[in-house]
$ cat my_file14.cif   # mmCIF, C-alpha atoms
data_data
#
loop_
_atom_site.label_atom_id
_atom_site.label_comp_id
_atom_site.auth_asym_id
_atom_site.auth_seq_id
_atom_site.Cartn_x
_atom_site.Cartn_y
_atom_site.Cartn_z
CA MET A 23 170.61 61.32 -35.43
CA ALA A 24 172.04 62.38 -38.75
CA GLY A 25 172.19 65.19 -41.24
CA ILE A 26 170.72 64.70 -44.71
CA ARG A 27 172.21 66.08 -47.93
CA LEU A 28 170.65 66.04 -51.39
CA GLU A 29 172.73 66.71 -54.49
CA GLY A 30 171.14 67.39 -57.87
CA LEU A 31 168.15 65.21 -57.03
CA THR A 32 165.74 64.76 -59.94
CA LYS A 33 162.73 62.49 -60.41
CA ARG A 34 161.16 62.02 -63.84
CA PHE A 35 158.27 59.57 -64.06
CA ASP A 36 157.66 57.25 -67.03
CA ASP A 37 155.03 59.58 -68.50
CA GLY A 38 157.63 62.36 -68.69
CA THR A 39 156.41 64.29 -65.65
CA VAL A 40 159.29 65.88 -63.73
CA ALA A 41 158.19 65.86 -60.09
CA VAL A 42 161.52 66.98 -58.61
CA ARG A 43 164.14 68.94 -60.51
CA ASP A 44 167.82 69.43 -59.58
CA VAL A 45 167.30 69.79 -55.83
CA ASP A 46 170.36 70.65 -53.74
CA LEU A 47 169.57 70.74 -50.06
CA GLU A 48 171.29 70.23 -46.72
CA ILE A 49 169.28 69.37 -43.60
CA GLU A 50 171.26 69.69 -40.42
CA ASP A 51 171.58 67.06 -37.71
CA GLY A 52 168.70 67.44 -35.25
CA GLU A 53 166.91 70.06 -37.35
CA PHE A 54 163.16 70.28 -37.81
CA PHE A 55 162.98 70.95 -41.55
CA VAL A 56 159.71 71.58 -43.38
CA LEU A 57 158.99 71.05 -47.08
CA VAL A 58 156.02 73.26 -47.95
CA GLY A 59 154.18 74.17 -51.10
CA PRO A 60 150.90 73.73 -52.98
CA SER A 61 149.49 70.37 -54.05
CA GLY A 62 151.55 68.80 -56.83
CA CYS A 63 154.70 70.82 -56.14
CA GLY A 64 156.85 67.69 -55.53
CA LYS A 65 157.26 67.83 -51.75
CA SER A 66 155.94 64.28 -51.06
CA THR A 67 157.98 62.87 -53.93
CA LEU A 68 161.07 64.53 -52.47
CA LEU A 69 160.32 62.95 -49.10
CA ASN A 70 159.92 59.55 -50.76
CA LEU A 71 163.29 59.99 -52.47
CA ILE A 72 164.92 60.70 -49.11
CA VAL A 73 163.46 57.59 -47.44
CA GLY A 74 163.95 55.39 -50.50
CA LEU A 75 160.34 54.73 -51.53
CA GLU A 76 161.19 56.34 -54.87
CA SER A 77 164.42 56.03 -56.84
CA PRO A 78 165.84 59.22 -58.34
CA THR A 79 166.33 59.63 -62.07
CA ARG A 80 169.47 61.59 -61.27
CA GLY A 81 171.27 62.83 -58.16
CA GLU A 82 172.36 61.51 -54.79
CA VAL A 83 171.08 61.21 -51.22
CA PHE A 84 173.54 61.29 -48.32
CA VAL A 85 172.74 60.50 -44.67
CA ASP A 86 175.37 61.42 -42.10
CA GLY A 87 177.85 61.83 -44.97
CA GLU A 88 177.21 58.35 -46.36
CA ARG A 89 175.66 57.81 -49.81
CA VAL A 90 172.37 55.90 -49.48
CA THR A 91 170.83 56.61 -52.89
CA ARG A 92 170.55 52.94 -53.90
CA ARG A 93 170.02 51.56 -50.40
CA ASP A 94 166.71 49.87 -49.60
CA PRO A 95 164.32 51.89 -47.42
CA GLY A 96 164.50 49.34 -44.61
CA LYS A 97 168.26 49.80 -44.38
CA ARG A 98 168.23 53.59 -44.09
CA ASN A 99 166.93 53.52 -40.49
CA MET A 100 164.39 56.26 -41.14
CA ALA A 101 160.86 56.28 -39.76
CA MET A 102 157.87 57.46 -41.83
CA VAL A 103 154.61 58.87 -40.50
CA PHE A 104 151.91 59.11 -43.16
CA GLN A 105 148.73 61.11 -43.60
CA SER A 106 146.78 57.89 -43.07
CA TYR A 107 147.43 56.44 -39.64
CA ALA A 108 148.79 53.10 -40.94
CA ILE A 109 148.00 51.22 -37.75
CA TYR A 110 146.52 47.73 -37.47
CA PRO A 111 142.86 47.77 -36.36
CA HIS A 112 142.96 44.25 -34.90
CA LEU A 113 145.94 45.00 -32.62
CA SER A 114 145.95 46.96 -29.37
CA VAL A 115 147.91 50.17 -29.04
CA ARG A 116 150.63 48.23 -27.23
CA GLU A 117 150.81 45.65 -30.01
CA ASN A 118 150.84 48.32 -32.70
CA LEU A 119 153.75 50.08 -31.03
CA ALA A 120 155.64 46.82 -30.61
CA PHE A 121 155.03 45.53 -34.12
CA PRO A 122 158.05 47.09 -35.92
CA LEU A 123 160.31 45.97 -33.08
CA ARG A 124 159.00 42.41 -33.23
CA VAL A 125 159.60 42.34 -37.00
CA ALA A 126 163.14 43.64 -36.42
CA GLY A 127 163.80 40.84 -33.88
CA VAL A 128 164.26 43.12 -30.88
CA PRO A 129 164.31 41.03 -27.64
CA PRO A 130 161.06 41.16 -25.61
CA VAL A 131 162.52 43.00 -22.61
CA GLU A 132 163.97 45.81 -24.72
CA ARG A 133 160.85 45.83 -26.85
CA ASP A 134 158.62 46.39 -23.83
CA HIS A 135 160.91 49.12 -22.54
CA ARG A 136 160.80 51.03 -25.83
CA VAL A 137 157.02 50.72 -26.04
CA VAL A 138 156.55 52.10 -22.53
CA GLU A 139 158.96 54.98 -23.19
CA ALA A 140 157.18 55.94 -26.40
CA ALA A 141 153.77 55.68 -24.73
CA ARG A 142 154.94 57.92 -21.90
CA ALA A 143 156.33 60.53 -24.30
CA LEU A 144 153.09 60.58 -26.29
CA GLU A 145 150.75 60.30 -23.29
CA LEU A 146 149.41 56.94 -24.46
CA GLU A 147 150.05 54.97 -21.28
CA GLU A 148 146.37 54.70 -20.36
CA LEU A 149 145.47 53.61 -23.89
CA LEU A 150 147.93 50.75 -24.34
CA ASP A 151 145.31 47.99 -24.09
CA ARG A 152 142.71 49.66 -26.31
CA ARG A 153 142.02 49.00 -29.99
CA PRO A 154 142.33 51.78 -32.62
CA ALA A 155 138.57 51.81 -33.24
CA THR A 156 138.03 53.24 -29.74
CA LEU A 157 140.55 56.08 -30.21
CA SER A 158 140.09 59.62 -31.47
CA GLY A 159 141.82 60.82 -34.63
CA GLY A 160 144.47 62.61 -32.61
CA GLN A 161 145.13 59.53 -30.49
CA ARG A 162 145.48 57.35 -33.59
CA GLN A 163 148.00 59.76 -35.07
CA ARG A 164 149.99 59.64 -31.83
CA VAL A 165 150.02 55.84 -32.08
CA SER A 166 151.29 56.18 -35.64
CA MET A 167 154.05 58.49 -34.40
CA GLY A 168 154.84 56.08 -31.57
CA ARG A 169 155.41 53.27 -34.06
CA ALA A 170 158.03 55.47 -35.69
CA MET A 171 159.59 56.49 -32.37
CA VAL A 172 160.21 53.00 -31.00
CA ARG A 173 162.59 52.23 -33.84
CA ASP A 174 165.02 54.91 -32.59
CA PRO A 175 165.57 56.13 -36.17
CA VAL A 176 168.22 58.54 -37.43
CA ALA A 177 165.43 60.69 -38.86
CA PHE A 178 161.67 61.11 -38.77
CA LEU A 179 159.91 61.76 -42.08
CA LEU A 180 156.33 63.03 -41.74
CA ASP A 181 154.09 63.30 -44.81
CA GLU A 182 151.06 65.56 -44.16
CA PRO A 183 150.48 63.87 -40.77
CA LEU A 184 147.74 66.26 -39.62
CA SER A 185 145.66 66.55 -42.80
CA ASN A 186 142.97 64.12 -41.63
CA LEU A 187 142.37 65.95 -38.34
CA ASP A 188 139.92 68.74 -37.66
CA ALA A 189 141.17 72.26 -36.93
CA ARG A 190 141.18 71.88 -33.13
CA LEU A 191 143.06 68.57 -33.21
CA ARG A 192 145.54 69.93 -35.75
CA GLY A 193 146.42 72.71 -33.35
CA GLN A 194 146.87 70.26 -30.47
CA MET A 195 148.96 67.82 -32.50
CA ARG A 196 151.10 70.63 -33.89
CA THR A 197 152.02 71.58 -30.34
CA GLU A 198 152.68 67.96 -29.39
CA ILE A 199 154.94 67.41 -32.40
CA ALA A 200 156.95 70.53 -31.53
CA ARG A 201 157.35 69.41 -27.92
CA LEU A 202 158.31 65.91 -28.99
CA HIS A 203 161.00 67.18 -31.31
CA ARG A 204 162.48 69.37 -28.58
CA ARG A 205 162.60 66.31 -26.33
CA LEU A 206 164.04 63.84 -28.84
CA GLU A 207 166.20 66.23 -30.94
CA THR A 208 165.97 63.81 -33.87
CA THR A 209 166.36 65.10 -37.41
CA THR A 210 162.84 65.62 -38.75
CA VAL A 211 161.64 66.30 -42.30
CA TYR A 212 158.01 67.37 -42.37
CA VAL A 213 155.84 67.76 -45.49
CA THR A 214 152.81 70.04 -45.47
CA HIS A 215 150.79 72.39 -47.66
CA ASP A 216 149.64 74.27 -44.55
CA GLN A 217 151.66 77.44 -44.08
CA THR A 218 150.65 77.71 -40.40
CA GLU A 219 152.25 74.32 -39.72
CA ALA A 220 155.31 75.34 -41.73
CA LEU A 221 155.85 78.68 -40.01
CA THR A 222 155.20 77.45 -36.46
CA LEU A 223 157.11 74.15 -36.56
CA ALA A 224 160.14 74.73 -38.77
CA ASP A 225 163.66 75.56 -37.73
CA ARG A 226 164.08 76.10 -41.46
CA LEU A 227 161.84 75.44 -44.42
CA ALA A 228 162.00 75.03 -48.18
CA ILE A 229 159.21 76.36 -50.38
CA LEU A 230 158.67 74.26 -53.51
CA ASP A 231 156.84 74.97 -56.75
CA GLY A 232 156.88 72.88 -59.89
CA GLY A 233 159.38 70.46 -58.38
CA GLU A 234 161.95 73.18 -57.72
CA ILE A 235 163.01 74.82 -54.49
CA GLN A 236 162.11 78.50 -54.56
CA GLN A 237 163.70 79.51 -51.27
CA VAL A 238 165.27 78.01 -48.14
CA GLY A 239 165.51 79.82 -44.83
CA THR A 240 164.07 80.32 -41.39
CA PRO A 241 160.35 81.15 -41.23
CA ARG A 242 161.16 84.79 -40.44
CA GLU A 243 163.65 85.05 -43.30
CA VAL A 244 161.33 83.76 -45.99
CA TYR A 245 158.37 85.74 -44.66
CA ARG A 246 160.17 89.04 -44.33
CA ALA A 247 162.34 88.76 -47.44
CA PRO A 248 160.68 86.42 -49.97
CA ALA A 249 162.95 85.51 -52.86
CA ASN A 250 160.24 85.88 -55.47
CA ARG A 251 156.61 86.68 -56.02
CA PHE A 252 155.52 83.05 -55.65
CA VAL A 253 157.00 82.78 -52.14
CA ALA A 254 155.62 86.20 -51.21
CA GLY A 255 152.11 85.23 -52.29
CA PHE A 256 152.18 81.71 -50.87
CA LEU A 257 153.20 82.62 -47.31
CA GLY A 258 150.86 84.85 -45.40
CA ALA A 259 147.17 84.87 -44.47
CA PRO A 260 145.63 86.94 -45.90
CA PRO A 261 148.17 86.77 -48.72
CA MET A 262 150.35 89.66 -49.79
CA ASN A 263 148.75 92.42 -51.86
CA PHE A 264 150.28 92.98 -55.31
CA LEU A 265 149.97 96.18 -57.31
CA ARG A 266 151.42 97.06 -60.70
CA GLY A 267 153.52 100.22 -60.68
CA THR A 268 154.93 102.23 -63.59
CA ARG A 269 157.61 104.86 -63.79
CA ASP A 270 156.68 108.44 -64.60
CA GLY A 271 159.74 110.65 -64.40
CA MET A 272 160.94 110.48 -60.81
CA ASP A 273 157.72 108.93 -59.53
CA LEU A 274 156.41 105.39 -59.14
CA VAL A 275 152.73 105.55 -60.05
CA LEU A 276 150.49 103.04 -58.27
CA PRO A 277 146.70 102.70 -58.09
CA LEU A 278 147.14 104.25 -54.63
CA GLY A 279 148.78 107.33 -56.07
CA PRO A 280 152.34 108.47 -56.90
CA MET A 281 155.36 108.00 -54.66
CA PRO A 282 159.07 108.71 -55.18
CA TRP A 283 160.78 106.18 -57.47
CA PRO A 284 162.72 103.74 -55.21
CA SER A 285 166.45 104.04 -55.63
CA GLY A 286 168.37 100.87 -56.33
CA LEU A 287 165.99 99.32 -58.85
CA PRO A 288 167.77 98.06 -61.99
CA ASP A 289 168.51 100.63 -64.66
CA GLY A 290 165.87 100.73 -67.36
CA THR A 291 163.07 99.47 -65.11
CA VAL A 292 159.74 100.87 -66.33
CA THR A 293 157.20 98.61 -64.63
CA VAL A 294 157.43 96.80 -61.31
CA ASP A 295 155.17 94.63 -59.17
CA VAL A 296 154.84 96.08 -55.68
CA GLY A 297 153.87 93.84 -52.78
CA VAL A 298 152.67 94.83 -49.33
CA ARG A 299 151.37 92.56 -46.60
CA PRO A 300 147.94 93.35 -45.12
CA GLU A 301 149.45 93.82 -41.65
CA ASP A 302 151.74 96.52 -43.06
CA VAL A 303 148.75 98.55 -44.27
CA ARG A 304 146.78 100.03 -41.41
CA GLU A 305 143.67 102.03 -40.82
CA VAL A 306 144.25 105.39 -39.10
CA GLY A 307 142.05 108.19 -37.84
CA PRO A 308 141.82 111.40 -39.91
CA THR A 309 144.23 113.20 -37.58
CA GLU A 310 146.47 110.21 -36.82
CA GLY A 311 149.72 109.34 -38.50
CA ARG A 312 153.24 110.65 -38.48
CA ALA A 313 154.78 113.47 -40.44
CA ASP A 314 157.31 111.13 -41.96
CA ASP A 315 158.64 110.86 -45.51
CA ASP A 316 158.41 107.08 -45.20
CA VAL A 317 154.64 107.13 -44.63
CA PHE A 318 152.28 106.98 -47.59
CA ARG A 319 148.66 107.95 -46.80
CA PHE A 320 145.48 107.66 -48.82
CA ARG A 321 141.74 107.36 -48.45
CA ALA A 322 139.76 104.37 -49.73
CA ARG A 323 136.26 102.94 -49.74
CA VAL A 324 135.57 99.60 -48.03
CA GLU A 325 134.01 96.88 -50.21
CA LEU A 326 134.04 93.99 -47.74
CA VAL A 327 134.94 93.39 -44.08
CA GLU A 328 136.20 90.01 -42.85
CA TRP A 329 135.87 89.65 -39.08
CA LEU A 330 138.07 86.89 -37.64
CA GLY A 331 137.50 87.42 -33.92
CA SER A 332 140.85 88.72 -32.70
CA GLU A 333 141.39 90.75 -35.86
CA SER A 334 139.56 91.90 -38.96
CA TYR A 335 140.47 92.91 -42.50
CA ALA A 336 138.90 95.22 -45.05
CA HIS A 337 138.98 94.79 -48.81
CA VAL A 338 139.18 98.31 -50.22
CA GLU A 339 138.84 99.87 -53.65
CA MET A 340 141.78 101.63 -55.21
CA PRO A 341 141.46 105.39 -54.60
CA ARG A 342 142.66 106.20 -58.13
CA GLY A 343 141.99 104.93 -61.62
CA GLY A 344 143.81 102.07 -63.21
CA ASP A 345 143.21 98.35 -63.12
CA SER A 346 139.75 97.99 -61.59
CA ALA A 347 140.49 94.33 -60.81
CA GLN A 348 143.15 95.29 -58.27
CA ARG A 349 142.10 95.36 -54.65
CA LEU A 350 143.91 95.96 -51.38
CA VAL A 351 143.43 94.02 -48.14
CA VAL A 352 144.00 96.13 -45.01
CA ARG A 353 144.21 95.17 -41.36
CA LEU A 354 141.66 97.15 -39.36
CA SER A 355 142.07 98.63 -35.90
CA PRO A 356 141.06 96.20 -33.10
CA GLY A 357 137.58 96.85 -31.79
CA GLY A 358 136.69 99.14 -34.67
CA ASP A 359 133.28 99.29 -36.32
CA VAL A 360 134.22 99.80 -39.96
CA ALA A 361 131.45 98.66 -42.32
CA GLU A 362 131.00 98.18 -46.04
CA ASP A 363 130.88 101.40 -48.09
CA ASP A 364 132.70 103.36 -45.36
CA ASP A 365 135.55 105.64 -46.40
CA ILE A 366 138.63 105.09 -44.24
CA ASP A 367 142.08 106.64 -43.98
CA ILE A 368 144.95 104.23 -44.55
CA GLU A 369 148.69 104.49 -44.28
CA LEU A 370 151.60 102.26 -45.16
CA ALA A 371 155.33 102.60 -44.75
CA ARG A 372 157.30 102.70 -47.99
CA SER A 373 160.09 100.80 -46.22
CA ARG A 374 157.73 97.79 -45.89
CA LEU A 375 157.09 97.49 -49.62
CA HIS A 376 158.47 94.58 -51.65
CA PHE A 377 159.44 94.96 -55.31
CA PHE A 378 159.39 92.17 -57.91
CA ASP A 379 160.30 91.91 -61.57
CA PRO A 380 156.97 91.58 -63.44
CA GLY A 381 158.50 89.11 -65.91
CA THR A 382 160.57 86.77 -63.78
CA GLY A 383 158.89 87.37 -60.40
CA ILE A 384 162.32 87.72 -58.75
CA ARG A 385 162.56 90.09 -55.79
CA LEU A 386 164.30 93.34 -56.67
CA ARG A 387 166.59 94.88 -54.13
CA VAL A 388 166.17 98.57 -53.38
CA ASP A 389 168.40 100.87 -51.37
CA ALA A 390 167.45 101.24 -47.73
#
$ encode --input "my_file14.cif" --output "structure tokens"
Amino acid sequence: MAGIRLEGLTKRFDDGTVAVRDVDLEIEDGEFFVLVGPSGCGKSTLLNLIVGLESPTRGEVFVDGERVTRRDPGKRNMAMVFQSYAIYPHLSVRENLAFPLRVAGVPPVERDHRVVEAARALELEELLDRRPATLSGGQRQRVSMGRAMVRDPVAFLLDEPLSNLDARLRGQMRTEIARLHRRLETTTVYVTHDQTEALTLADRLAILDGGEIQQVGTPREVYRAPANRFVAGFLGAPPMNFLRGTRDGMDLVLPLGPMPWPSGLPDGTVTVDVGVRPEDVREVGPTEGRADDDVFRFRARVELVEWLGSESYAHVEMPRGGDSAQRLVVRLSPGGDVAEDDDIDIELARSRLHFFDPGTGIRLRVDA
């Protein structure tokens, strides 16, 4: 196992495209670290720079404190698992698992031992003599992971490994990958655009956009205190609601109505983007709610209801004038029967609001 450190890592392609820009990052020994972001944000390129499949334009890569920036991929002792299974169709599962060891000249006895151990860890023992064509997608991906495991690498690098699987198999494989990491405790760098994978698997994660890291932290840290509007909007399903607020004397005027101007915002602030997650806005009965200065209540009309089985959300119209394009997504009470065109009472806690600079998107700190 080994820690990985990136210093000022930049990748500019020949056409001038900057895929990764000045990335400084430290991944701890044994950590499950996730690189997450939308398509084209640079996360796969960053992974390729770590393993050596791409050479940086500028910057350095260190593994266990040793500079490996110019070292060939085969000499970095890292194992890649790709979105495509990258297994040989004419070889059995056993032969696929043994292939990288045979190429590396590992003696047959040790080779067989490693293959059996990997098959046992991945529950492939009964499939060792079968060909890939007879396996399910999830089984093929486990074989692909087994080929990486047998090498006993210092780090696993996984590039969108579950993208080709259906929703049910993705859930199963996500659980298997988490269990495998707990068992092996090998440093793992995992690339995904799927926020569910990122939030459930990561010890820590980095959110990328435009080749730059927007925030690094634990899943709870980045979800509860996003560094900027991009992170706030990217993480969360449904995504965070954003409303434009303006100052009017001592009030912050929102499409929901006025509320006291939050203390702690920078001097001279006139407009601010206010974010609130759907789960922090709740439907209440007409007589429910607390007599609390922190609670902001309003009434709104339902435009659309999304029922998701265990929970449902309503898209509601703003109760006041203003930007007609703005809408609010609200979590509904479990088991309720709210329908389109209903008027419902809603409350949110002011302490759960997030404030962002409308120009830069940077999160603004307010006094508690």
$ closest_atom_pairs --input "my_file14.cif" --of "stretch 218-283 of chain A" --to "stretch 364-382 of chain A" --cutoff "12 Å" --atoms "only C-alpha atoms" --output "JSON lines"
{"residue": "A:Tyr245", "atom": "CA", "partner": "A:His376", "partner_atom": "CA", "distance": 11.3}
{"residue": "A:Arg246", "atom": "CA", "partner": "A:Arg374", "partner_atom": "CA", "distance": 9.2}
{"residue": "A:Ala247", "atom": "CA", "partner": "A:His376", "partner_atom": "CA", "distance": 8.2}
{"residue": "A:Pro248", "atom": "CA", "partner": "A:His376", "partner_atom": "CA", "distance": 8.6}
{"residue": "A:Ala249", "atom": "CA", "partner": "A:Phe378", "partner_atom": "CA", "distance": 9.1}
{"residue": "A:Asn250", "atom": "CA", "partner": "A:Phe378", "partner_atom": "CA", "distance": 6.8}
{"residue": "A:Arg251", "atom": "CA", "partner": "A:Phe378", "partner_atom": "CA", "distance": 6.4}
{"residue": "A:Phe252", "atom": "CA", "partner": "A:Phe378", "partner_atom": "CA", "distance": 10.2}
{"residue": "A:Val253", "atom": "CA", "partner": "A:Phe378", "partner_atom": "CA", "distance": 11.3}
{"residue": "A:Ala254", "atom": "CA", "partner": "A:His376", "partner_atom": "CA", "distance": 8.9}
{"residue": "A:Gly255", "atom": "CA", "partner": "A:His376", "partner_atom": "CA", "distance": 11.3}
{"residue": "A:Met262", "atom": "CA", "partner": "A:His376", "partner_atom": "CA", "distance": 9.7}
{"residue": "A:Asn263", "atom": "CA", "partner": "A:His376", "partner_atom": "CA", "distance": 10.0}
{"residue": "A:Phe264", "atom": "CA", "partner": "A:His376", "partner_atom": "CA", "distance": 9.1}
{"residue": "A:Leu265", "atom": "CA", "partner": "A:Phe377", "partner_atom": "CA", "distance": 9.8}
{"residue": "A:Arg266", "atom": "CA", "partner": "A:Pro380", "partner_atom": "CA", "distance": 8.3}
{"residue": "A:Gly267", "atom": "CA", "partner": "A:Phe377", "partner_atom": "CA", "distance": 9.6}
{"residue": "A:Thr268", "atom": "CA", "partner": "A:Pro380", "partner_atom": "CA", "distance": 10.8}
{"residue": "A:Leu274", "atom": "CA", "partner": "A:Arg372", "partner_atom": "CA", "distance": 11.5}
{"residue": "A:Leu278", "atom": "CA", "partner": "A:Ile368", "partner_atom": "CA", "distance": 10.3}
{"residue": "A:Pro280", "atom": "CA", "partner": "A:Arg372", "partner_atom": "CA", "distance": 11.7}
{"residue": "A:Met281", "atom": "CA", "partner": "A:Arg372", "partner_atom": "CA", "distance": 8.7}
{"residue": "A:Pro282", "atom": "CA", "partner": "A:Arg372", "partner_atom": "CA", "distance": 9.5}
{"residue": "A:Trp283", "atom": "CA", "partner": "A:Arg372", "partner_atom": "CA", "distance": 10.7}
$ closest_residue --input "my_file14.cif" --among "A:Val115, A:Val352, A:Ala322, A:Val40" --to "A:Glu148" --atoms "only C-alpha atoms"
A:Val115
$ residues_around --input "my_file14.cif" --residues "A:Gln236" --least-positions-apart "4" --cutoff "12 Å" --atoms "all atoms listed in the file" --output "JSON list (two decimals) with C-alpha atoms, keeping the file's coordinate frame"
[["chain", "number", "residue", "atom", "x", "y", "z"],
["A", 43, "ARG", "CA", 164.14, 68.94, -60.51],
["A", 44, "ASP", "CA", 167.82, 69.43, -59.58],
["A", 45, "VAL", "CA", 167.30, 69.79, -55.83],
["A", 46, "ASP", "CA", 170.36, 70.65, -53.74],
["A", 47, "LEU", "CA", 169.57, 70.74, -50.06],
["A", 57, "LEU", "CA", 158.99, 71.05, -47.08],
["A", 58, "VAL", "CA", 156.02, 73.26, -47.95],
["A", 59, "GLY", "CA", 154.18, 74.17, -51.10],
["A", 63, "CYS", "CA", 154.70, 70.82, -56.14],
["A", 227, "LEU", "CA", 161.84, 75.44, -44.42],
["A", 228, "ALA", "CA", 162.00, 75.03, -48.18],
["A", 229, "ILE", "CA", 159.21, 76.36, -50.38],
["A", 230, "LEU", "CA", 158.67, 74.26, -53.51],
["A", 231, "ASP", "CA", 156.84, 74.97, -56.75],
["A", 232, "GLY", "CA", 156.88, 72.88, -59.89],
["A", 244, "VAL", "CA", 161.33, 83.76, -45.99],
["A", 248, "PRO", "CA", 160.68, 86.42, -49.97],
["A", 249, "ALA", "CA", 162.95, 85.51, -52.86],
["A", 250, "ASN", "CA", 160.24, 85.88, -55.47],
["A", 251, "ARG", "CA", 156.61, 86.68, -56.02],
["A", 252, "PHE", "CA", 155.52, 83.05, -55.65],
["A", 253, "VAL", "CA", 157.00, 82.78, -52.14],
["A", 254, "ALA", "CA", 155.62, 86.20, -51.21],
["A", 256, "PHE", "CA", 152.18, 81.71, -50.87],
["A", 383, "GLY", "CA", 158.89, 87.37, -60.40],
["A", 384, "ILE", "CA", 162.32, 87.72, -58.75],
["A", 385, "ARG", "CA", 162.56, 90.09, -55.79]]
$ resolve_selection --input "my_file14.cif" --expression "the PyMOL selection byres ((chain A and resi 333) around 12)" --output "MDAnalysis selection string"
chainID A and resid 259:260 300:301 327:332 334:336 352:359
$ closest_residue --input "my_file14.cif" --among "A:Val238, A:Phe55, A:Val90, A:Arg173" --to "A:Val125" --atoms "only C-alpha atoms"
A:Arg173
$ closest_residue --input "my_file14.cif" --among "A:Val294, A:Arg98, A:Asp174, A:Leu150" --to "A:Val128" --atoms "all atoms listed in the file"
A:Asp174
$ residues_around --input "my_file14.cif" --residues "stretch 186-192 of chain A" --least-positions-apart "5" --cutoff "7 Å" --atoms "only C-alpha atoms" --output "list in words"
Gln105, Gly159 and Gly160 of chain A
$ resolve_selection --input "my_file14.cif" --expression "the PyMOL selection byres ((chain A and resi 165) around 12)" --output "JSON, numbers by chain"
{"A": [103, 104, 106, 107, 108, 109, 110, 111, 113, 114, 115, 116, 117, 118, 119, 120, 121, 137, 140, 141, 142, 143, 144, 145, 146, 147, 149, 150, 152, 153, 154, 157, 158, 159, 160, 161, 162, 163, 164, 166, 167, 168, 169, 170, 171, 172, 183]}
$ closest_atom_pairs --input "my_file14.cif" --of "stretch 156-201 of chain A" --to "stretch 222-226 of chain A" --cutoff "9 Å" --atoms "all atoms listed in the file" --output "JSON lines"
{"residue": "A:Arg196", "atom": "CA", "partner": "A:Leu223", "partner_atom": "CA", "distance": 7.5}
{"residue": "A:Thr197", "atom": "CA", "partner": "A:Leu223", "partner_atom": "CA", "distance": 8.4}
{"residue": "A:Ile199", "atom": "CA", "partner": "A:Leu223", "partner_atom": "CA", "distance": 8.2}
{"residue": "A:Ala200", "atom": "CA", "partner": "A:Leu223", "partner_atom": "CA", "distance": 6.2}
$ decode --input "my_file14.cif" --residues "stretch 268-282 of chain A" --atoms "C-alpha atoms" --output "JSON list (two decimals), in the first residue's frame"
[["chain", "number", "residue", "atom", "x", "y", "z"],
["A", 268, "THR", "CA", -31.96, 41.02, -2.78],
["A", 269, "ARG", "CA", -31.47, 43.34, 0.14],
["A", 270, "ASP", "CA", -34.23, 45.75, 1.12],
["A", 271, "GLY", "CA", -33.26, 47.61, 4.26],
["A", 272, "MET", "CA", -32.88, 45.00, 6.98],
["A", 273, "ASP", "CA", -34.65, 42.29, 4.98],
["A", 274, "LEU", "CA", -33.57, 39.68, 2.47],
["A", 275, "VAL", "CA", -36.34, 39.53, -0.12],
["A", 276, "LEU", "CA", -36.85, 36.15, -1.78],
["A", 277, "PRO", "CA", -39.59, 34.84, -4.08],
["A", 278, "LEU", "CA", -40.83, 33.09, -0.92],
["A", 279, "GLY", "CA", -41.18, 36.38, 0.91],
["A", 280, "PRO", "CA", -38.98, 38.58, 3.14],
["A", 281, "MET", "CA", -36.78, 37.33, 5.96],
["A", 282, "PRO", "CA", -34.26, 39.09, 8.21]]
